[in-house]
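The structure appears below as structure tokens.
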Amino acid sequence: MQFRSTKSQKPQVSFKDAVLRCLPPGEGLYVPASVPDMRQFFLYMDEKTTYPELVATVAPSILQGEFNPFSASMVAESAFDFEPELKRLDDNISLLSLYNGPTGVFKDFGVAFLAAVLEELLKNNGNAMIISAVRGDTGVSLARAFSGRKGLTSVLLYPSGTIRGLDPSTFAPNGGNIIPIQVRGAFDDCQALVTKLINDRPFAERYNVTSANTINPGRLLPQAFYYLYAFIKVKKYLKEDLIFSVPSGNFGNLISGLYAWKFGMPVNGFIAAMNANNAFGEFICGGKFVPHPLIATNSPALDIVQPSNYERLASFYQEAPAVMRNMVFPAAINDKSTETAMKQAWKEYGVLLDPHSAVAFAAARLFARTEESGYTHTIVLATGHPAKEAEIVKKATGQTVELPEKLHVLNRSVEPIALIDPEPEALEGAIASCL
Ligand SMILES: *Cc1c(COP(=O)(O)O)cnc(C)c1O
């Protein structure tokens with residue numbers, strides 16, 4: 001599979017070049033230039049197929065010529081000691097839990113694969129420096145995935161006071177390969193720094209700079225795998241239309257679902273489940289995208305004003321606007337409906353949802369009611385561990401969720417290696433002093 005910029009059909013580059021360069025020259029983001037038809041695989045994979053098996057089968061055929069089945073199974077085994085979990089709640093609804101990774105968030109799936117695949121692609125003495133803007137638990141997700149990987153150095157940039165849970169023994173000055181740097185500024189300043197360093201060609205070429213933010217297509221592509229996994233788990237029962245409901249902030253998860261559809265997964269549509277920050281819905285319905293002011297909600301990962309994957313989504317719409325309008329359905333769920341959904345999921349099915357997953361659950365309910373046929377099976381993506389939002393869960397359901405042992409470290413506070421102004425020179429200096 002080749003990749004191209006959202007801004008032009010040519011040049012096209014390999015997967016390896018796209019993940020290692022991260023951003024195409026000029027502007028834009030990398031997107032697949034053409035997609036392989038994977039339908040033959042769905043015929044023989046079934047509910048007994050494990051997640052690493054699926055990845056090891058699907059990845060080499062998507063990345064034809066770049067990745068043999070042996071490498072792919074090595075990567076799958078090394079990336080995933082956690083799996084998605086599909087639970088069929090009734091004839092019309094299933095839950096795909098994606099929060100079993102090291103930080104309890106679905107993002108672990110894309111991050112883990114990217115880290116393992118970079119190590120594999122560079123195994124013949126290659127090296128790369130992965131500079132990423134992080135907040136919340138994404139820093140830990142990256143540190144876990146990259147720690148100890150041969151040839152890779154992972155630089156984490158974050159606004160003051162926002163990172164917890166890192167393990168100092170993995171930091172570069174202590175013999176590890178993780179470099180956490182605190183930036184005097186906001187998250188957007190960190191993200192701008194990443195782009196600047198990738199575009200500073202002398203520096204980027206000296207260190208082979210790339211990023212593990214979702215600007216890197218190597219984070220989005222592997223997220224398509226869990227959609228395929230969900231499909232092979234439900235296909236036996238499927239008599240009706242299949243819909244996925246996806247809690248959407250930066251729209252990386254939804255884009256990955258669209259990739260799975262492009263690979264030939266038989267799906268009838270995706271619900272783009274948003275909270276009160278739903279300006280993007282107007283764009284999805286064919287209007288212009290006009291960002292609204294930010295509204296703070298009880299599902300903060302969806303409080304996004306300017307989705308970073310806008311360009312990628314827009315390129316789908318440019319190619320086939322009418323098809324897309326029948327494929328992606330926006331829904332907006334307010335805080336009250338989110339809590340109601342948490343209560344319903346608990347009462348009716350005995351499952352506890354975090355508020356982000358509840359937004360998708362509520363949107364699925366809403367959609368089912370508007371459907372004339374009523375024969376839709378919806379797979380709701382549960383993106384966050386309910387224990388991470390224990391207070392809201394308690395308020396909505398009366399239930400107490402314990403934080404699993406492995407997530408306890410997320411609360412540990414850590415000192416960064418350096419504190420810098422948001423300037424490329426300052427960052428380059430701080431990195432150089434650690435190497
Ligand atoms: C990041 C995140 C989302 C949003 O995913 P996008 O790919 O940005 O749309 C949803 N739920 C949780 C728990 C998240 O951490």
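So you can find residues: chains in the structure tokens are A, B, ... in the order shown, residues in each start at 1, and ligands are numbered from 1 in order.
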
Can you list, as an NGL selection string, every protein, DNA or RNA residue that comes within 8 Å of stretch 95-107 of chain A when you count only C-alpha atoms, leaving out same-chain residues fewer than 5 positions away? :A and (81-89 or 137-138 or 140-141 or 144 or 230 or 379-385 or 388 or 406-407 or 410)

As a quick test: using only C-alpha atoms and all ligand atoms, which residues lie no more than 7 Å away from ligand 1? Give them as a PDB file with C-alpha atoms, in the first residue's frame.
```pdb
ATOM      1  CA  VAL A 105      -7.432   3.868  26.682  1.00  0.00           C
ATOM      2  CA  PHE A 106      -7.973   2.675  23.102  1.00  0.00           C
ATOM      3  CA  LYS A 107      -4.974   4.750  21.961  1.00  0.00           C
ATOM      4  CA  PRO A 247     -16.827   8.495  20.402  1.00  0.00           C
ATOM      5  CA  SER A 248     -15.040  11.165  18.386  1.00  0.00           C
ATOM      6  CA  GLY A 249     -12.732  14.011  19.353  1.00  0.00           C
ATOM      7  CA  ASN A 250      -9.856  14.292  16.894  1.00  0.00           C
ATOM      8  CA  PHE A 251     -11.546  11.706  14.651  1.00  0.00           C
ATOM      9  CA  GLY A 252      -8.532   9.386  14.449  1.00  0.00           C
ATOM     10  CA  ASN A 253     -10.582   6.423  15.619  1.00  0.00           C
ATOM     11  CA  LEU A 254     -13.342   7.115  13.102  1.00  0.00           C
ATOM     12  CA  ALA A 301     -11.218  13.620  25.476  1.00  0.00           C
ATOM     13  CA  LEU A 302     -13.986  14.705  23.109  1.00  0.00           C
ATOM     14  CA  HIS A 356     -16.664   8.722  26.465  1.00  0.00           C
ATOM     15  CA  SER A 357     -17.988   5.250  25.759  1.00  0.00           C
ATOM     16  CA  THR A 383     -12.614   3.705  24.491  1.00  0.00           C
ATOM     17  CA  GLY A 384     -11.788   4.363  28.151  1.00  0.00           C
TER      18      GLY A 384
END
```

A:Thr340: which residues within 9 Å, counting only C-alpha atoms, same-chain residues fewer than 4 positions away excluded, as a VMD selection string? chain A and resid 335 to 336 344 to 345 358 362 396 to 397

Pairwise distance, atom CA of A:Asn174 with atom CA of A:Asn199, equals 29.3 Å

List as JSON lines every residue of stretch 50-76 of chain A that is in contact with stretch 120-125 of chain A, defined as an atom at most 10 Å from one of its atoms (using only C-alpha atoms), together with the nearest atom pair and the distance in Å rounded to one decimal, sorted by chain and then rising number.
```
{"residue": "A:Glu66", "atom": "CA", "partner": "A:Leu121", "partner_atom": "CA", "distance": 8.8}
{"residue": "A:Phe67", "atom": "CA", "partner": "A:Leu121", "partner_atom": "CA", "distance": 8.5}
{"residue": "A:Ser71", "atom": "CA", "partner": "A:Glu120", "partner_atom": "CA", "distance": 7.2}
{"residue": "A:Ala72", "atom": "CA", "partner": "A:Glu120", "partner_atom": "CA", "distance": 8.9}
{"residue": "A:Met74", "atom": "CA", "partner": "A:Glu120", "partner_atom": "CA", "distance": 8.4}
{"residue": "A:Val75", "atom": "CA", "partner": "A:Glu120", "partner_atom": "CA", "distance": 7.1}
```

Keeping only N, CA, C and O atoms, write the selected residues to a file as a PDB file, in the first residue's frame.
```
ATOM      1  N   GLU A  66       6.343  -5.017   1.928  1.00  0.00           N
ATOM      2  CA  GLU A  66       7.172  -4.324   2.913  1.00  0.00           C
ATOM      3  C   GLU A  66       7.322  -5.112   4.195  1.00  0.00           C
ATOM      4  O   GLU A  66       8.117  -4.762   5.060  1.00  0.00           O
ATOM      5  N   PHE A  67       6.510  -6.146   4.287  1.00  0.00           N
ATOM      6  CA  PHE A  67       6.327  -6.726   5.584  1.00  0.00           C
ATOM      7  C   PHE A  67       5.931  -8.175   5.366  1.00  0.00           C
ATOM      8  O   PHE A  67       4.852  -8.441   4.861  1.00  0.00           O
ATOM      9  N   SER A  71       7.722 -11.334   9.959  1.00  0.00           N
ATOM     10  CA  SER A  71       7.904 -10.057  10.664  1.00  0.00           C
ATOM     11  C   SER A  71       6.602  -9.610  11.294  1.00  0.00           C
ATOM     12  O   SER A  71       6.580  -9.096  12.417  1.00  0.00           O
ATOM     13  N   ALA A  72       5.517  -9.779  10.551  1.00  0.00           N
ATOM     14  CA  ALA A  72       4.224  -9.310  11.043  1.00  0.00           C
ATOM     15  C   ALA A  72       3.824 -10.044  12.320  1.00  0.00           C
ATOM     16  O   ALA A  72       3.305  -9.433  13.256  1.00  0.00           O
ATOM     17  N   MET A  74       5.889 -11.371  14.457  1.00  0.00           N
ATOM     18  CA  MET A  74       6.796 -10.875  15.512  1.00  0.00           C
ATOM     19  C   MET A  74       6.262  -9.556  16.082  1.00  0.00           C
ATOM     20  O   MET A  74       6.237  -9.340  17.291  1.00  0.00           O
ATOM     21  N   VAL A  75       5.879  -8.655  15.167  1.00  0.00           N
ATOM     22  CA  VAL A  75       5.381  -7.349  15.589  1.00  0.00           C
ATOM     23  C   VAL A  75       4.096  -7.501  16.406  1.00  0.00           C
ATOM     24  O   VAL A  75       3.940  -6.902  17.469  1.00  0.00           O
TER      25      VAL A  75
END
```

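Excluding A:Ala79 itself and same-chain residues fewer than 3 positions from it, the residues having an atom within 8 Å of it are Val75, Ala76, Ala112, Phe113, Ala115, Ala116 and Ala145 of chain A, counting only C-alpha atoms.
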
Export, as a PDB file, in the first residue's frame, the selected residues with N, CA, C and O atoms.
```pdb
ATOM      1  N   VAL A  75       5.879  -8.655  15.167  1.00  0.00           N
ATOM      2  CA  VAL A  75       5.381  -7.349  15.589  1.00  0.00           C
ATOM      3  C   VAL A  75       4.096  -7.501  16.406  1.00  0.00           C
ATOM      4  O   VAL A  75       3.940  -6.902  17.469  1.00  0.00           O
ATOM      5  N   ALA A  76       3.199  -8.338  15.905  1.00  0.00           N
ATOM      6  CA  ALA A  76       1.916  -8.515  16.596  1.00  0.00           C
ATOM      7  C   ALA A  76       2.139  -9.065  18.007  1.00  0.00           C
ATOM      8  O   ALA A  76       1.538  -8.593  18.973  1.00  0.00           O
ATOM      9  N   ALA A 112       1.081   0.980  20.454  1.00  0.00           N
ATOM     10  CA  ALA A 112       1.841  -0.260  20.636  1.00  0.00           C
ATOM     11  C   ALA A 112       2.295  -0.821  19.290  1.00  0.00           C
ATOM     12  O   ALA A 112       3.434  -1.264  19.132  1.00  0.00           O
ATOM     13  N   PHE A 113       1.402  -0.776  18.308  1.00  0.00           N
ATOM     14  CA  PHE A 113       1.762  -1.303  16.988  1.00  0.00           C
ATOM     15  C   PHE A 113       2.825  -0.427  16.344  1.00  0.00           C
ATOM     16  O   PHE A 113       3.810  -0.937  15.783  1.00  0.00           O
ATOM     17  N   ALA A 115       5.141   1.439  17.680  1.00  0.00           N
ATOM     18  CA  ALA A 115       6.451   1.242  18.303  1.00  0.00           C
ATOM     19  C   ALA A 115       7.078  -0.069  17.830  1.00  0.00           C
ATOM     20  O   ALA A 115       8.257  -0.118  17.451  1.00  0.00           O
ATOM     21  N   ALA A 116       6.281  -1.126  17.819  1.00  0.00           N
ATOM     22  CA  ALA A 116       6.817  -2.439  17.438  1.00  0.00           C
ATOM     23  C   ALA A 116       7.195  -2.462  15.960  1.00  0.00           C
ATOM     24  O   ALA A 116       8.205  -3.053  15.567  1.00  0.00           O
ATOM     25  N   ALA A 145       5.288   1.800  25.304  1.00  0.00           N
ATOM     26  CA  ALA A 145       5.417   1.125  24.018  1.00  0.00           C
ATOM     27  C   ALA A 145       6.844   1.234  23.463  1.00  0.00           C
ATOM     28  O   ALA A 145       7.328   0.311  22.814  1.00  0.00           O
TER      29      ALA A 145
END
```

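Looking only at stretch 248-409 of chain A, the set that DSSP places in strand (DSSP E or B) from backbone geometry is Gly269, Phe270, Ile271, Ala272, Ala273, Met274, Val328, Phe329, Pro330, Ala331, Ala332, Thr376, His377, Thr378, Ile379, Val380, Leu381, Ala382 and Gly384 of chain A.
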
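For the choices A:Val134, A:Asn298, A:Glu402, A:Thr210, the atom-to-atom distance to A:Asp188 is smallest for A:Val134 when using only C-alpha atoms.
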
Of A:Asn208, A:Ser433, A:Gln191, A:Ser245, the one nearest to A:Ile417 when counting only C-alpha atoms is A:Ser433

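Shortest separation to A:Ser337 among A:Trp261, A:Phe289, A:Tyr227, A:Phe361 occurs at residue A:Phe361, atoms counted being only C-alpha atoms.
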
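If only C-alpha atoms are the atoms counted, then among A:Met38, A:Met45, A:Val267, A:Leu157 the closest residue to A:Gln64 is A:Met38.
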
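One distance worth recording is that between atom CA of A:Val351 and atom CA of A:Leu258, which is 27.1 Å.
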
Nearby residues (only C-alpha atoms) at most 8 Å from A:Val155, same-chain spacing under 5 positions excluded, as a JSON list (two decimals) with N, CA and C atoms, in the first residue's frame:
```
[["chain", "number", "residue", "atom", "x", "y", "z"],
["A", 129, "MET", "N", 14.25, 8.96, 15.95],
["A", 129, "MET", "CA", 13.86, 9.71, 17.15],
["A", 129, "MET", "C", 12.39, 10.09, 16.98],
["A", 130, "ILE", "N", 11.58, 9.66, 17.93],
["A", 130, "ILE", "CA", 10.14, 9.87, 17.81],
["A", 130, "ILE", "C", 9.76, 11.00, 18.77],
["A", 131, "ILE", "N", 9.44, 12.17, 18.21],
["A", 131, "ILE", "CA", 9.11, 13.33, 19.03],
["A", 131, "ILE", "C", 7.60, 13.53, 19.01],
["A", 132, "SER", "N", 6.98, 13.51, 20.19],
["A", 132, "SER", "CA", 5.52, 13.53, 20.23],
["A", 132, "SER", "C", 5.03, 14.51, 21.28],
["A", 178, "ILE", "N", 13.87, 7.10, 26.85],
["A", 178, "ILE", "CA", 12.72, 8.02, 26.93],
["A", 178, "ILE", "C", 13.22, 9.38, 27.42],
["A", 179, "ILE", "N", 12.82, 10.45, 26.72],
["A", 179, "ILE", "CA", 13.25, 11.81, 27.10],
["A", 179, "ILE", "C", 12.01, 12.69, 27.31],
["A", 180, "PRO", "N", 11.56, 12.82, 28.57],
["A", 180, "PRO", "CA", 10.39, 13.67, 28.82],
["A", 180, "PRO", "C", 10.81, 15.13, 29.00],
["A", 181, "ILE", "N", 10.22, 16.04, 28.25],
["A", 181, "ILE", "CA", 10.57, 17.46, 28.30],
["A", 181, "ILE", "C", 9.31, 18.28, 28.52],
["A", 431, "ILE", "N", 17.51, 18.00, 23.83],
["A", 431, "ILE", "CA", 17.66, 16.63, 23.32],
["A", 431, "ILE", "C", 19.14, 16.26, 23.25]]
```

Distance query A:Lys394 at most 10 Å, only C-alpha atoms, self and fewer than 5 positions along chain excluded, as a PDB file with C-alpha atoms, in the first residue's frame:
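See part_4.pdb below for the written result:
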```pdb
ATOM      1  CA  MET A 342     -24.254   5.112  31.793  1.00  0.00           C
ATOM      2  CA  LYS A 343     -27.194   4.296  34.022  1.00  0.00           C
ATOM      3  CA  LEU A 352     -20.120   0.003  33.358  1.00  0.00           C
ATOM      4  CA  PRO A 386     -14.595   3.113  33.598  1.00  0.00           C
ATOM      5  CA  ALA A 387     -12.293   3.139  36.645  1.00  0.00           C
ATOM      6  CA  GLU A 389     -13.729   8.168  35.629  1.00  0.00           C
ATOM      7  CA  GLN A 399     -21.359   1.504  41.463  1.00  0.00           C
ATOM      8  CA  THR A 400     -17.805   1.718  42.755  1.00  0.00           C
ATOM      9  CA  VAL A 401     -15.139   0.650  40.243  1.00  0.00           C
TER      10      VAL A 401
END
```

Closest of A:Ser14, A:Asn326, A:Thr50, A:Asn216 to A:Ile232, counting only C-alpha atoms, is A:Thr50

Counting only C-alpha atoms, closest pick from A:Val194, A:Ala186, A:Val117, A:Ala33 relative to A:Leu427 is A:Val194

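Note that the spacing between atom CA of A:Ser169 and atom CA of A:Leu156 amounts to 15.2 Å.
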
Exercise for the section: Identify, on the basis of only C-alpha atoms, every residue whose closest approach to A:Phe280 does not exceed 12 Å; exclude the query and any residue fewer than 3 positions from it along the same chain; express the result as an NGL selection string. Expected result: :A and (248-251 or 272-277 or 283-292 or 302-310 or 313-314 or 328-332)
